[in-house]
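Novice: One file is attached below, final07.cif, containing mmCIF, C-alpha atoms.
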```
data_final
loop_
_atom_site.label_atom_id
_atom_site.label_comp_id
_atom_site.auth_asym_id
_atom_site.auth_seq_id
_atom_site.Cartn_x
_atom_site.Cartn_y
_atom_site.Cartn_z
CA MET Q 1 0.39 -32.34 -85.41
CA VAL Q 2 -2.22 -34.99 -84.59
CA VAL Q 3 -5.57 -35.29 -86.38
CA GLY Q 4 -8.59 -37.47 -85.62
CA GLY Q 5 -12.34 -37.42 -86.11
CA VAL Q 6 -15.76 -38.66 -85.00
CA ASN Q 7 -19.19 -38.57 -86.63
CA ALA Q 8 -22.46 -37.15 -85.31
CA ARG Q 9 -23.01 -40.37 -83.30
CA GLN Q 10 -19.64 -39.90 -81.55
CA GLU Q 11 -18.19 -42.89 -83.41
CA ILE Q 12 -14.52 -42.68 -84.36
CA VAL Q 13 -14.24 -42.36 -88.13
CA LEU Q 14 -10.60 -41.26 -88.18
CA SER Q 15 -8.24 -42.71 -85.62
CA PRO Q 16 -5.69 -40.24 -84.23
CA ARG Q 17 -2.64 -40.03 -86.45
CA ARG Q 18 0.30 -37.70 -86.74
CA VAL Q 19 0.69 -35.53 -89.83
CA GLU Q 20 3.79 -33.40 -90.34
CA LEU Q 21 3.10 -29.72 -90.96
CA ASP Q 22 5.07 -29.84 -94.20
CA ASP Q 23 2.65 -32.54 -95.46
CA TRP Q 24 -0.51 -30.93 -94.12
CA SER Q 25 -1.62 -29.08 -97.28
CA ALA Q 26 -1.49 -32.26 -99.38
CA TRP Q 27 -3.17 -34.31 -96.62
CA ALA Q 28 -5.96 -31.75 -96.24
CA GLN Q 29 -6.71 -31.70 -99.97
CA ALA Q 30 -6.83 -35.50 -100.07
CA HIS Q 31 -8.92 -36.18 -96.94
CA LEU Q 32 -10.96 -33.14 -95.90
CA LYS Q 33 -14.41 -32.47 -97.36
CA PRO Q 34 -16.58 -29.33 -97.67
CA THR Q 35 -19.06 -30.90 -95.24
CA ASP Q 36 -16.48 -31.40 -92.47
CA VAL Q 37 -16.35 -29.32 -89.29
CA LEU Q 38 -12.77 -29.00 -88.12
CA VAL Q 39 -11.68 -27.75 -84.70
CA VAL Q 40 -8.11 -26.78 -83.80
CA GLU Q 41 -6.63 -25.90 -80.43
CA ALA Q 42 -5.24 -22.37 -80.24
CA THR Q 43 -1.42 -22.37 -80.43
CA THR Q 44 1.32 -20.09 -81.72
CA ASN Q 45 0.82 -21.17 -85.36
CA THR Q 46 -2.98 -21.29 -85.30
CA TRP Q 47 -3.54 -18.53 -87.86
CA TRP Q 48 -1.07 -20.05 -90.32
CA PHE Q 49 -2.97 -23.32 -90.00
CA TYR Q 50 -6.30 -21.51 -90.35
CA ASP Q 51 -5.25 -19.78 -93.57
CA GLN Q 52 -4.00 -23.07 -95.01
CA THR Q 53 -7.11 -25.06 -94.09
CA HIS Q 54 -10.38 -23.12 -93.88
CA GLU Q 55 -11.07 -23.35 -97.62
CA HIS Q 56 -11.08 -27.18 -97.48
CA VAL Q 57 -13.82 -27.57 -94.83
CA GLY Q 58 -17.31 -26.29 -94.18
CA GLN Q 59 -16.36 -24.78 -90.82
CA LEU Q 60 -13.11 -24.33 -88.92
CA LEU Q 61 -13.36 -23.60 -85.21
CA VAL Q 62 -10.51 -22.29 -83.04
CA ALA Q 63 -10.81 -23.65 -79.49
CA ASP Q 64 -9.35 -21.83 -76.50
CA PRO Q 65 -8.10 -24.56 -74.11
CA ARG Q 66 -8.66 -22.23 -71.13
CA LYS Q 67 -12.40 -22.29 -71.87
CA ILE Q 68 -12.61 -26.06 -72.31
CA ALA Q 69 -12.39 -27.54 -68.83
CA TRP Q 70 -12.25 -31.08 -70.16
CA ILE Q 71 -8.82 -30.40 -71.64
CA ALA Q 72 -7.54 -27.67 -69.32
CA GLN Q 73 -8.21 -29.69 -66.14
CA ALA Q 74 -7.09 -33.09 -67.40
CA ARG Q 75 -4.52 -34.75 -65.14
CA VAL Q 76 -3.38 -37.00 -67.97
CA SER Q 77 -3.15 -35.29 -71.34
CA THR Q 78 -1.91 -36.84 -74.58
CA ASP Q 79 -2.18 -35.59 -78.15
CA ASN Q 80 -4.36 -38.54 -79.18
CA GLY Q 81 -6.70 -38.09 -76.23
CA ALA Q 82 -6.99 -34.34 -76.70
CA VAL Q 83 -7.79 -34.73 -80.40
CA LEU Q 84 -10.68 -37.11 -79.74
CA LYS Q 85 -11.99 -34.91 -76.92
CA LEU Q 86 -12.02 -31.89 -79.22
CA ALA Q 87 -13.70 -33.90 -81.96
CA ARG Q 88 -16.43 -35.15 -79.58
CA LEU Q 89 -17.05 -31.66 -78.20
CA SER Q 90 -17.32 -30.33 -81.74
CA ALA Q 91 -19.76 -33.10 -82.76
CA ALA Q 92 -21.91 -32.21 -79.75
CA GLY Q 93 -21.79 -28.50 -80.59
CA LEU Q 94 -19.98 -27.65 -77.36
CA ILE Q 95 -16.95 -25.81 -78.74
CA PRO Q 96 -17.07 -22.11 -77.71
CA THR Q 97 -16.53 -20.35 -80.99
CA GLY Q 98 -14.52 -17.15 -81.19
CA TRP Q 99 -14.00 -14.37 -83.67
CA VAL Q 100 -11.32 -14.99 -86.28
CA PRO Q 101 -9.45 -11.71 -86.82
CA PRO Q 102 -8.68 -10.80 -90.44
CA GLN Q 103 -5.13 -10.32 -91.63
CA PRO Q 104 -4.91 -6.52 -90.99
CA VAL Q 105 -6.01 -7.01 -87.37
CA ARG Q 106 -3.49 -9.82 -86.83
CA GLU Q 107 -0.67 -7.73 -88.28
CA LEU Q 108 -1.55 -4.69 -86.15
CA ARG Q 109 -1.77 -6.84 -83.01
CA ALA Q 110 1.63 -8.36 -83.78
CA LEU Q 111 3.17 -4.92 -84.34
CA LEU Q 112 1.78 -3.61 -81.05
CA ALA Q 113 2.95 -6.73 -79.21
CA HIS Q 114 6.44 -6.15 -80.63
CA ARG Q 115 6.35 -2.57 -79.34
CA ARG Q 116 5.31 -3.75 -75.88
CA ARG Q 117 8.27 -6.13 -75.78
CA LEU Q 118 10.64 -3.31 -76.74
CA VAL Q 119 9.16 -0.99 -74.10
CA LYS Q 120 9.60 -3.75 -71.52
CA THR Q 121 13.23 -4.13 -72.57
CA GLN Q 122 13.70 -0.36 -72.37
CA THR Q 123 12.31 -0.30 -68.84
CA MET Q 124 14.54 -3.20 -67.81
CA LEU Q 125 17.66 -1.40 -69.09
CA LYS Q 126 16.80 1.83 -67.31
CA ASN Q 127 16.10 -0.03 -64.07
CA ARG Q 128 19.45 -1.78 -64.33
CA LEU Q 129 21.29 1.52 -64.75
CA HIS Q 130 19.35 3.08 -61.88
CA SER Q 131 20.30 0.08 -59.76
CA LEU Q 132 23.99 0.69 -60.48
CA LEU Q 133 23.71 4.29 -59.26
CA HIS Q 134 21.84 3.21 -56.15
CA ARG Q 135 24.31 0.44 -55.37
CA LEU Q 136 27.33 2.76 -55.64
CA HIS Q 137 25.62 5.76 -53.99
CA LEU Q 138 26.10 7.94 -57.08
CA THR Q 139 24.04 11.12 -57.45
CA PRO Q 140 22.74 11.63 -61.00
CA PRO Q 141 22.68 15.07 -62.63
CA GLU Q 142 19.54 17.16 -63.00
CA GLY Q 143 17.25 16.56 -65.95
CA GLU Q 144 16.49 13.51 -68.07
CA LEU Q 145 18.98 10.90 -66.96
CA PHE Q 146 19.11 9.01 -70.26
CA ALA Q 147 19.10 11.97 -72.63
CA ALA Q 148 21.93 12.30 -75.14
CA LYS Q 149 23.44 15.26 -73.25
CA GLN Q 150 24.00 13.00 -70.20
CA ARG Q 151 26.10 10.40 -72.01
CA ALA Q 152 29.36 12.14 -71.17
CA TRP Q 153 28.43 11.93 -67.47
CA TRP Q 154 27.71 8.20 -67.78
CA GLU Q 155 31.00 7.58 -69.56
CA GLY Q 156 32.90 9.49 -66.89
CA LEU Q 157 31.60 7.49 -63.94
CA ASP Q 158 34.26 6.34 -61.50
CA VAL Q 159 33.45 2.63 -61.61
CA THR Q 160 35.32 -0.58 -62.33
CA PRO Q 161 36.19 -1.53 -65.94
CA MET Q 162 33.58 -4.32 -65.83
CA GLU Q 163 30.88 -1.90 -64.71
CA LYS Q 164 31.94 0.56 -67.42
CA LEU Q 165 31.44 -2.22 -69.95
CA HIS Q 166 27.95 -2.93 -68.60
CA VAL Q 167 27.01 0.75 -68.68
CA ARG Q 168 28.30 1.20 -72.22
CA HIS Q 169 26.42 -1.85 -73.50
CA ASP Q 170 23.18 -0.94 -71.72
CA LEU Q 171 23.27 2.62 -73.06
CA ALA Q 172 23.98 1.39 -76.59
CA THR Q 173 21.11 -1.10 -76.38
CA LEU Q 174 18.87 1.62 -74.95
CA ASP Q 175 19.61 3.85 -77.96
CA GLN Q 176 18.86 1.01 -80.36
CA VAL Q 177 15.60 0.12 -78.63
CA ALA Q 178 14.52 3.77 -78.64
CA GLU Q 179 15.12 3.94 -82.40
CA GLN Q 180 13.10 0.78 -82.97
CA ILE Q 181 10.20 2.05 -80.85
CA ALA Q 182 10.22 5.31 -82.82
CA GLU Q 183 10.16 3.33 -86.06
CA ILE Q 184 7.16 1.31 -84.87
CA GLU Q 185 5.30 4.45 -83.82
CA ALA Q 186 5.94 5.97 -87.25
CA GLU Q 187 4.47 2.82 -88.81
CA LEU Q 188 1.45 3.09 -86.50
CA GLY Q 189 0.97 6.64 -87.72
CA ARG Q 190 1.04 5.43 -91.32
CA LEU Q 191 -1.41 2.61 -90.61
CA SER Q 192 -3.83 5.00 -88.88
CA CYS Q 193 -4.16 6.86 -92.20
CA ALA Q 194 -4.60 3.70 -94.29
CA GLU Q 195 -7.46 1.25 -94.67
CA PRO Q 196 -9.09 -0.29 -92.72
CA TRP Q 197 -8.08 2.04 -89.86
CA ALA Q 198 -8.35 5.46 -91.53
CA ALA Q 199 -12.12 5.65 -91.07
CA LEU Q 200 -12.01 4.51 -87.44
CA ALA Q 201 -8.93 6.14 -85.89
CA PRO Q 202 -10.31 9.74 -85.84
CA TYR Q 203 -13.29 8.67 -83.71
CA VAL Q 204 -10.99 7.16 -81.08
CA LEU Q 205 -8.30 9.86 -81.19
CA GLN Q 206 -10.78 12.62 -80.39
CA LEU Q 207 -11.52 11.10 -76.97
CA PRO Q 208 -9.75 12.60 -73.91
CA GLY Q 209 -6.65 10.74 -72.78
CA ILE Q 210 -6.18 8.78 -76.00
CA GLY Q 211 -3.14 9.18 -78.23
CA LEU Q 212 -1.95 7.30 -81.29
CA VAL Q 213 -0.57 4.17 -79.57
CA ILE Q 214 -3.59 3.77 -77.29
CA ALA Q 215 -6.00 4.38 -80.17
CA MET Q 216 -4.40 1.73 -82.38
CA THR Q 217 -4.25 -0.71 -79.46
CA ILE Q 218 -7.99 -0.24 -78.88
CA LEU Q 219 -8.80 -0.70 -82.57
CA ALA Q 220 -6.62 -3.82 -82.83
CA ALA Q 221 -8.22 -5.36 -79.74
CA ILE Q 222 -11.79 -4.66 -80.86
CA GLY Q 223 -11.40 -5.45 -84.55
CA ASP Q 224 -14.97 -5.41 -85.85
CA ILE Q 225 -17.10 -3.39 -83.39
CA LEU Q 226 -20.28 -4.94 -84.82
CA ARG Q 227 -19.42 -8.26 -83.17
CA PHE Q 228 -20.39 -6.69 -79.83
CA PRO Q 229 -24.20 -6.37 -79.72
CA ALA Q 230 -24.13 -4.15 -76.62
CA ALA Q 231 -21.72 -1.90 -74.74
CA LYS Q 232 -21.73 -4.31 -71.79
CA LYS Q 233 -20.33 -7.05 -74.05
CA LEU Q 234 -17.40 -4.80 -74.96
CA VAL Q 235 -16.80 -3.95 -71.29
CA GLY Q 236 -16.76 -7.66 -70.48
CA TYR Q 237 -14.37 -8.34 -73.37
CA ALA Q 238 -11.99 -5.75 -71.90
CA GLY Q 239 -12.29 -7.31 -68.43
CA LEU Q 240 -13.32 -3.95 -66.96
CA GLY Q 241 -16.70 -5.08 -65.65
CA ALA Q 242 -17.20 -5.75 -61.95
CA GLY Q 243 -17.27 -9.34 -60.81
CA VAL Q 244 -20.68 -10.34 -59.44
CA HIS Q 245 -21.70 -13.09 -57.03
CA ALA Q 246 -25.48 -13.51 -56.89
CA SER Q 247 -27.01 -16.47 -55.06
CA GLY Q 248 -30.34 -16.47 -53.29
CA GLN Q 249 -30.60 -13.29 -51.21
CA LEU Q 250 -26.89 -12.56 -51.59
CA TYR Q 251 -25.71 -10.09 -54.21
CA ARG Q 252 -22.13 -8.88 -54.06
CA GLU Q 253 -19.99 -6.96 -56.56
CA GLY Q 254 -16.24 -7.34 -56.50
CA HIS Q 255 -13.21 -6.08 -58.37
CA ILE Q 256 -13.03 -5.99 -62.16
CA THR Q 257 -12.94 -9.42 -63.76
CA LYS Q 258 -9.65 -8.89 -65.67
CA GLU Q 259 -10.91 -11.28 -68.35
CA GLY Q 260 -10.29 -10.73 -72.05
CA ARG Q 261 -7.40 -8.98 -73.73
CA LYS Q 262 -4.86 -7.71 -71.22
CA GLU Q 263 -3.43 -4.94 -73.42
CA PHE Q 264 -6.93 -3.56 -74.07
CA ARG Q 265 -7.61 -3.25 -70.34
CA TYR Q 266 -4.18 -1.73 -69.67
CA VAL Q 267 -4.47 1.07 -72.25
CA MET Q 268 -8.02 1.90 -71.14
CA VAL Q 269 -6.76 2.41 -67.59
CA GLU Q 270 -3.87 4.53 -68.91
CA ALA Q 271 -6.29 6.60 -70.99
CA ALA Q 272 -8.52 7.12 -67.95
CA TRP Q 273 -5.64 8.46 -65.84
CA SER Q 274 -4.54 10.73 -68.67
CA ALA Q 275 -8.09 12.04 -69.10
CA VAL Q 276 -8.32 12.82 -65.39
CA ALA Q 277 -5.03 14.73 -65.57
CA THR Q 278 -5.89 16.76 -68.71
CA SER Q 279 -9.67 17.17 -68.73
CA GLU Q 280 -11.52 19.28 -66.17
CA TYR Q 281 -14.71 17.32 -66.78
CA TRP Q 282 -13.16 13.92 -66.12
CA LYS Q 283 -11.18 15.32 -63.19
CA ALA Q 284 -14.45 16.41 -61.59
CA GLU Q 285 -16.01 13.02 -62.33
CA PHE Q 286 -13.05 11.25 -60.75
CA GLU Q 287 -13.18 13.41 -57.63
CA GLN Q 288 -16.90 12.72 -57.35
CA LEU Q 289 -16.28 8.98 -57.51
CA CYS Q 290 -13.54 9.25 -54.89
CA ARG Q 291 -15.80 11.10 -52.46
CA PRO Q 292 -17.35 8.57 -50.05
CA PRO Q 293 -21.17 8.58 -49.81
CA ALA Q 294 -22.74 10.20 -46.77
CA ALA Q 295 -23.82 6.80 -45.49
CA TRP Q 296 -20.14 5.84 -45.16
CA THR Q 297 -19.31 8.76 -42.86
CA ARG Q 298 -18.55 7.44 -39.41
CA THR Q 299 -19.51 9.51 -36.38
CA ARG Q 300 -17.19 9.39 -33.44
CA ARG Q 301 -18.90 7.88 -30.43
CA SER Q 302 -18.05 9.10 -26.93
CA SER Q 303 -15.89 6.63 -25.07
CA PRO Q 304 -17.07 5.36 -21.70
CA SER Q 305 -15.21 6.51 -18.62
CA ARG Q 306 -12.18 4.43 -17.71
CA GLY Q 307 -13.22 1.57 -15.51
CA ASN Q 308 -16.97 1.87 -16.32
CA CYS Q 309 -16.84 -0.44 -19.34
CA SER Q 310 -17.91 -3.96 -18.52
CA SER Q 311 -16.57 -5.46 -21.77
CA SER Q 312 -13.03 -6.54 -22.44
CA CYS Q 313 -12.67 -4.33 -25.53
CA GLY Q 314 -9.18 -3.11 -24.68
CA THR Q 315 -10.07 0.60 -24.95
CA CYS Q 316 -10.79 1.37 -21.30
#
```
Translate the structure of the given file into structure tokens.

Specialist:
Amino acid sequence: MVVGGVNARQEIVLSPRRVELDDWSAWAQAHLKPTDVLVVEATTNTWWFYDQTHEHVGQLLVADPRKIAWIAQARVSTDNGAVLKLARLSAAGLIPTGWVPPQPVRELRALLAHRRRLVKTQTMLKNRLHSLLHRLHLTPPEGELFAAKQRAWWEGLDVTPMEKLHVRHDLATLDQVAEQIAEIEAELGRLSCAEPWAALAPYVLQLPGIGLVIAMTILAAIGDILRFPAAKKLVGYAGLGAGVHASGQLYREGHITKEGRKEFRYVMVEAAWSAVATSEYWKAEFEQLCRPPAAWTRTRRSSPSRGNCSSSCGTC
């Protein structure tokens, strides 16, 4: 990693230099002070670095490069240049600060991310097996195609030895992935009954369309609800608010912004569809939203007689 620093007058007080991660703890104790403000660019090992460092400085900021145009849009980017840019932005108070999730939130987010990867793998395996049947024009039996009772049918397929090998491996991997997903869901159930989630999970689980996985995903994404001063802030964090373009006399609303945490937005949409399917109240609300306003109803106008239209509209 590369470290550098400037003072309040934007003067370089620490020229960019490379410090190995193995030597970072010793370097931090020797050079960092309680009055320092340190900023680090968000990477895969950011939270490890944060835990190792925040006690040595007065403030440790985590910068999202997507929100810092100076770095994100740079045509020429080097470690030394990026370090000084971050330092100068920090000295000017221009680093957009974010919430630092505590350890339980990080662990729950990591567990849910692992489950999403397994579900993606499970879907890929099923699609591959479906593709084999489609390619060879094979008709599957009735019922759940990948249930245990169907394995004898899969093993008896009249396909080449190579394709039999692929089917056997995909089915074995599918069984293993299913076991791992079940293990994760059991762990989610245990976590929902333990602190800090035990007091929060019941409030989310009682809402229509929300089960255990969706509830824990929502709690992990939000973390501390008190960091959102208003409901609109939470909607914006989920990326479910409508995009707005307002300039002069023009005011136009567009599609949802899709900003913020992707998994939060995804499970909220899934919960909404489930609520519509299982709750009469939300089904009625959905149908009301789908009904076009009266102002949108188009009346059919009588067409002019053939040959009496003076315009070249193509309908005469």

Novice: Give me the residues near Trp273 (chain Q) as a PyMOL selection string, where near means some atom within 12 Å (using all atoms listed in the file) and where sequence neighbours in that chain fewer than 3 positions away do not count.

Specialist: chain Q and resi 208-210+266-270+276-279+282-283+285-286

Novice: To test your reading of the syntax: which residues would the PyMOL selection byres ((chain Q and resi 13-18) around 10) return for the file shown? Reply as a list in words.

Specialist: Met1, Val2, Val3, Gly4, Gly5, Val6, Asn7, Gln10, Glu11, Ile12, Val19, Glu20, Leu21, Asp79, Asn80, Gly81, Ala82, Val83 and Leu84 of chain Q

Novice: Got a sec: who's within 10 Å of Leu111 (chain Q), counting all atoms listed in the file, leaving out chain neighbours fewer than 3 positions off, as a ChimeraX atom specification?

Specialist: /Q:105-108,114-116,184-185,187-188,217,220

Novice: Restricting the output to C-alpha atoms, write the selected residues as a short mmCIF file (atom, residue, chain, number, x, y, z; two decimals), in the coordinates of the input.

Specialist:
```
data_model
loop_
_atom_site.label_atom_id
_atom_site.label_comp_id
_atom_site.auth_asym_id
_atom_site.auth_seq_id
_atom_site.Cartn_x
_atom_site.Cartn_y
_atom_site.Cartn_z
CA VAL Q 105 -6.01 -7.01 -87.37
CA ARG Q 106 -3.49 -9.82 -86.83
CA GLU Q 107 -0.67 -7.73 -88.28
CA LEU Q 108 -1.55 -4.69 -86.15
CA HIS Q 114 6.44 -6.15 -80.63
CA ARG Q 115 6.35 -2.57 -79.34
CA ARG Q 116 5.31 -3.75 -75.88
CA ILE Q 184 7.16 1.31 -84.87
CA GLU Q 185 5.30 4.45 -83.82
CA GLU Q 187 4.47 2.82 -88.81
CA LEU Q 188 1.45 3.09 -86.50
CA THR Q 217 -4.25 -0.71 -79.46
CA ALA Q 220 -6.62 -3.82 -82.83
#
```

Novice: Evaluate the PyMOL selection byres ((chain Q and resi 46-56) around 9) here and jot the selected residues down as a list of chain:residue names.

Specialist: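 Applied to this file, the PyMOL selection byres ((chain Q and resi 46-56) around 9) returns Q:Leu21, Q:Trp24, Q:Ser25, Q:Ala28, Q:Gln29, Q:Leu32, Q:Lys33, Q:Pro34, Q:Asp36, Q:Leu38, Q:Val40, Q:Glu41, Q:Ala42, Q:Thr43, Q:Thr44, Q:Asn45, Q:Val57, Q:Gly58, Q:Gln59, Q:Leu60, Q:Leu61, Q:Val62, Q:Val100, Q:Arg106.
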
Novice: Could you produce a table of the residues of region 196-277 of chain Q lying within 12 Å of region 88-98 of chain Q, with the nearest pair of atoms per residue and their separation in Å rounded to one decimal, using only C-alpha atoms, ordered by chain and increasing residue number, as JSON lines?

Specialist:
```
{"residue": "Q:Arg227", "atom": "CA", "partner": "Q:Gly98", "partner_atom": "CA", "distance": 10.3}
{"residue": "Q:Tyr237", "atom": "CA", "partner": "Q:Gly98", "partner_atom": "CA", "distance": 11.8}
{"residue": "Q:Gly260", "atom": "CA", "partner": "Q:Gly98", "partner_atom": "CA", "distance": 11.9}
```

Novice: Measuring between only C-alpha atoms, which one of Q:Arg128, Q:Glu144, Q:Val213, Q:Met162 shows the shortest distance to Ala182 (chain Q)?

Specialist: Q:Val213

Novice: Work out how far apart CA of Lys258 (chain Q) and CA of Lys126 (chain Q) are and give it in Å to one decimal.

Specialist: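 Computing it gives 28.6 Å between the two atoms.
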
Novice: So, counting all atoms listed in the file, which residue among Q:Ser247, Q:Gln150, Q:Thr160, Q:Gln288 is closest to Leu136 (chain Q)?

Specialist: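 Smallest separation from Leu136 (chain Q) among the options: Q:Thr160.
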
Novice: I'd like the interatomic distance between CA of Val177 (chain Q) and CA of Arg117 (chain Q), to a tenth of an Å.

Specialist: 10.0 Å

Novice: Taking only C-alpha atoms into account, name the residue in Q:Ala30, Q:Cys290, Q:Leu205, Q:Ala178 that is nearest to Thr123 (chain Q).

Specialist: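 Looking only at the distances to Thr123 (chain Q), the closest residue turns out to be Q:Ala178.
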
Novice: Suppose you want the space between CA of Trp197 (chain Q) and CA of Glu259 (chain Q); what is it in Å?

Specialist: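 Separating CA of Trp197 (chain Q) from CA of Glu259 (chain Q) is a distance of 25.5 Å.
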
Novice: Smallest atom-to-atom distance to Tyr203 (chain Q): which of Q:Leu191, Q:Ala172, Q:Met216, Q:Pro161, using all atoms listed in the file?

Specialist: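 Nearest to Tyr203 (chain Q): Q:Met216.
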
Novice: Please list as a PyMOL selection string every residue within 12 Å of Leu133 (chain Q), counting all atoms listed in the file and excluding residues in the same chain fewer than 4 positions away.

Specialist: chain Q and resi 126-129+137-141+145+154+157-159+163+167

Novice: Which is closer to Phe228 (chain Q) than all the others in Q:Ala246, Q:Trp99, Q:Pro104, Q:Glu155, using only C-alpha atoms?

Specialist: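 Between Q:Ala246, Q:Trp99, Q:Pro104, Q:Glu155, the residue approaching Phe228 (chain Q) most closely is Q:Trp99.
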
Novice: Any chance you could work out the residue set of the PyMOL selection byres ((chain Q and resi 257) around 8) here, as a list in words?

Specialist: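 Written out, the selection comes to Gly236, Gly239, Leu240, Gly241, Ala242, Gly243, His255, Ile256, Lys258 and Glu259 of chain Q.
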
Novice: Only N, CA and C atoms, please: region 19-37 of chain Q from the block, as a compact mmCIF listing (two decimals), in the first residue's frame.

Specialist:
```txt
# COMPACT_ATOMS: atom_id res chain seq x y z
N VAL Q 19 4.34 1.04 1.83
CA VAL Q 19 4.49 0.32 3.09
C VAL Q 19 3.81 -1.04 2.91
N GLU Q 20 4.55 -2.10 3.17
CA GLU Q 20 3.98 -3.44 3.06
C GLU Q 20 2.93 -3.67 4.15
N LEU Q 21 1.87 -4.40 3.81
CA LEU Q 21 0.82 -4.63 4.78
C LEU Q 21 1.32 -5.34 6.05
N ASP Q 22 2.30 -6.22 5.87
CA ASP Q 22 2.84 -6.92 7.03
C ASP Q 22 3.54 -5.96 7.99
N ASP Q 23 4.03 -4.82 7.47
CA ASP Q 23 4.74 -3.84 8.29
C ASP Q 23 3.85 -2.69 8.73
N TRP Q 24 2.56 -2.74 8.33
CA TRP Q 24 1.72 -1.56 8.55
C TRP Q 24 1.49 -1.26 10.03
N SER Q 25 1.21 -2.27 10.84
CA SER Q 25 0.93 -2.04 12.26
C SER Q 25 2.08 -1.33 12.94
N ALA Q 26 3.30 -1.78 12.70
CA ALA Q 26 4.47 -1.13 13.31
C ALA Q 26 4.66 0.28 12.77
N TRP Q 27 4.43 0.46 11.45
CA TRP Q 27 4.59 1.79 10.85
C TRP Q 27 3.55 2.76 11.41
N ALA Q 28 2.32 2.29 11.58
CA ALA Q 28 1.26 3.14 12.10
C ALA Q 28 1.55 3.58 13.53
N GLN Q 29 2.02 2.68 14.36
CA GLN Q 29 2.33 3.04 15.74
C GLN Q 29 3.47 4.04 15.81
N ALA Q 30 4.41 3.97 14.87
CA ALA Q 30 5.57 4.85 14.91
C ALA Q 30 5.31 6.22 14.30
N HIS Q 31 4.38 6.34 13.35
CA HIS Q 31 4.24 7.59 12.59
C HIS Q 31 2.89 8.27 12.74
N LEU Q 32 1.83 7.56 13.02
CA LEU Q 32 0.52 8.19 13.12
C LEU Q 32 0.30 8.80 14.50
N LYS Q 33 -0.49 9.89 14.53
CA LYS Q 33 -0.76 10.61 15.77
C LYS Q 33 -2.26 10.69 16.01
N PRO Q 34 -2.67 10.89 17.27
CA PRO Q 34 -4.11 11.01 17.58
C PRO Q 34 -4.77 12.22 16.92
N THR Q 35 -3.99 13.17 16.46
CA THR Q 35 -4.56 14.36 15.81
C THR Q 35 -4.70 14.18 14.29
N ASP Q 36 -4.22 13.08 13.74
CA ASP Q 36 -4.25 12.87 12.30
C ASP Q 36 -5.65 12.48 11.83
N VAL Q 37 -5.96 12.90 10.60
CA VAL Q 37 -7.16 12.44 9.90
C VAL Q 37 -6.68 11.60 8.73
```
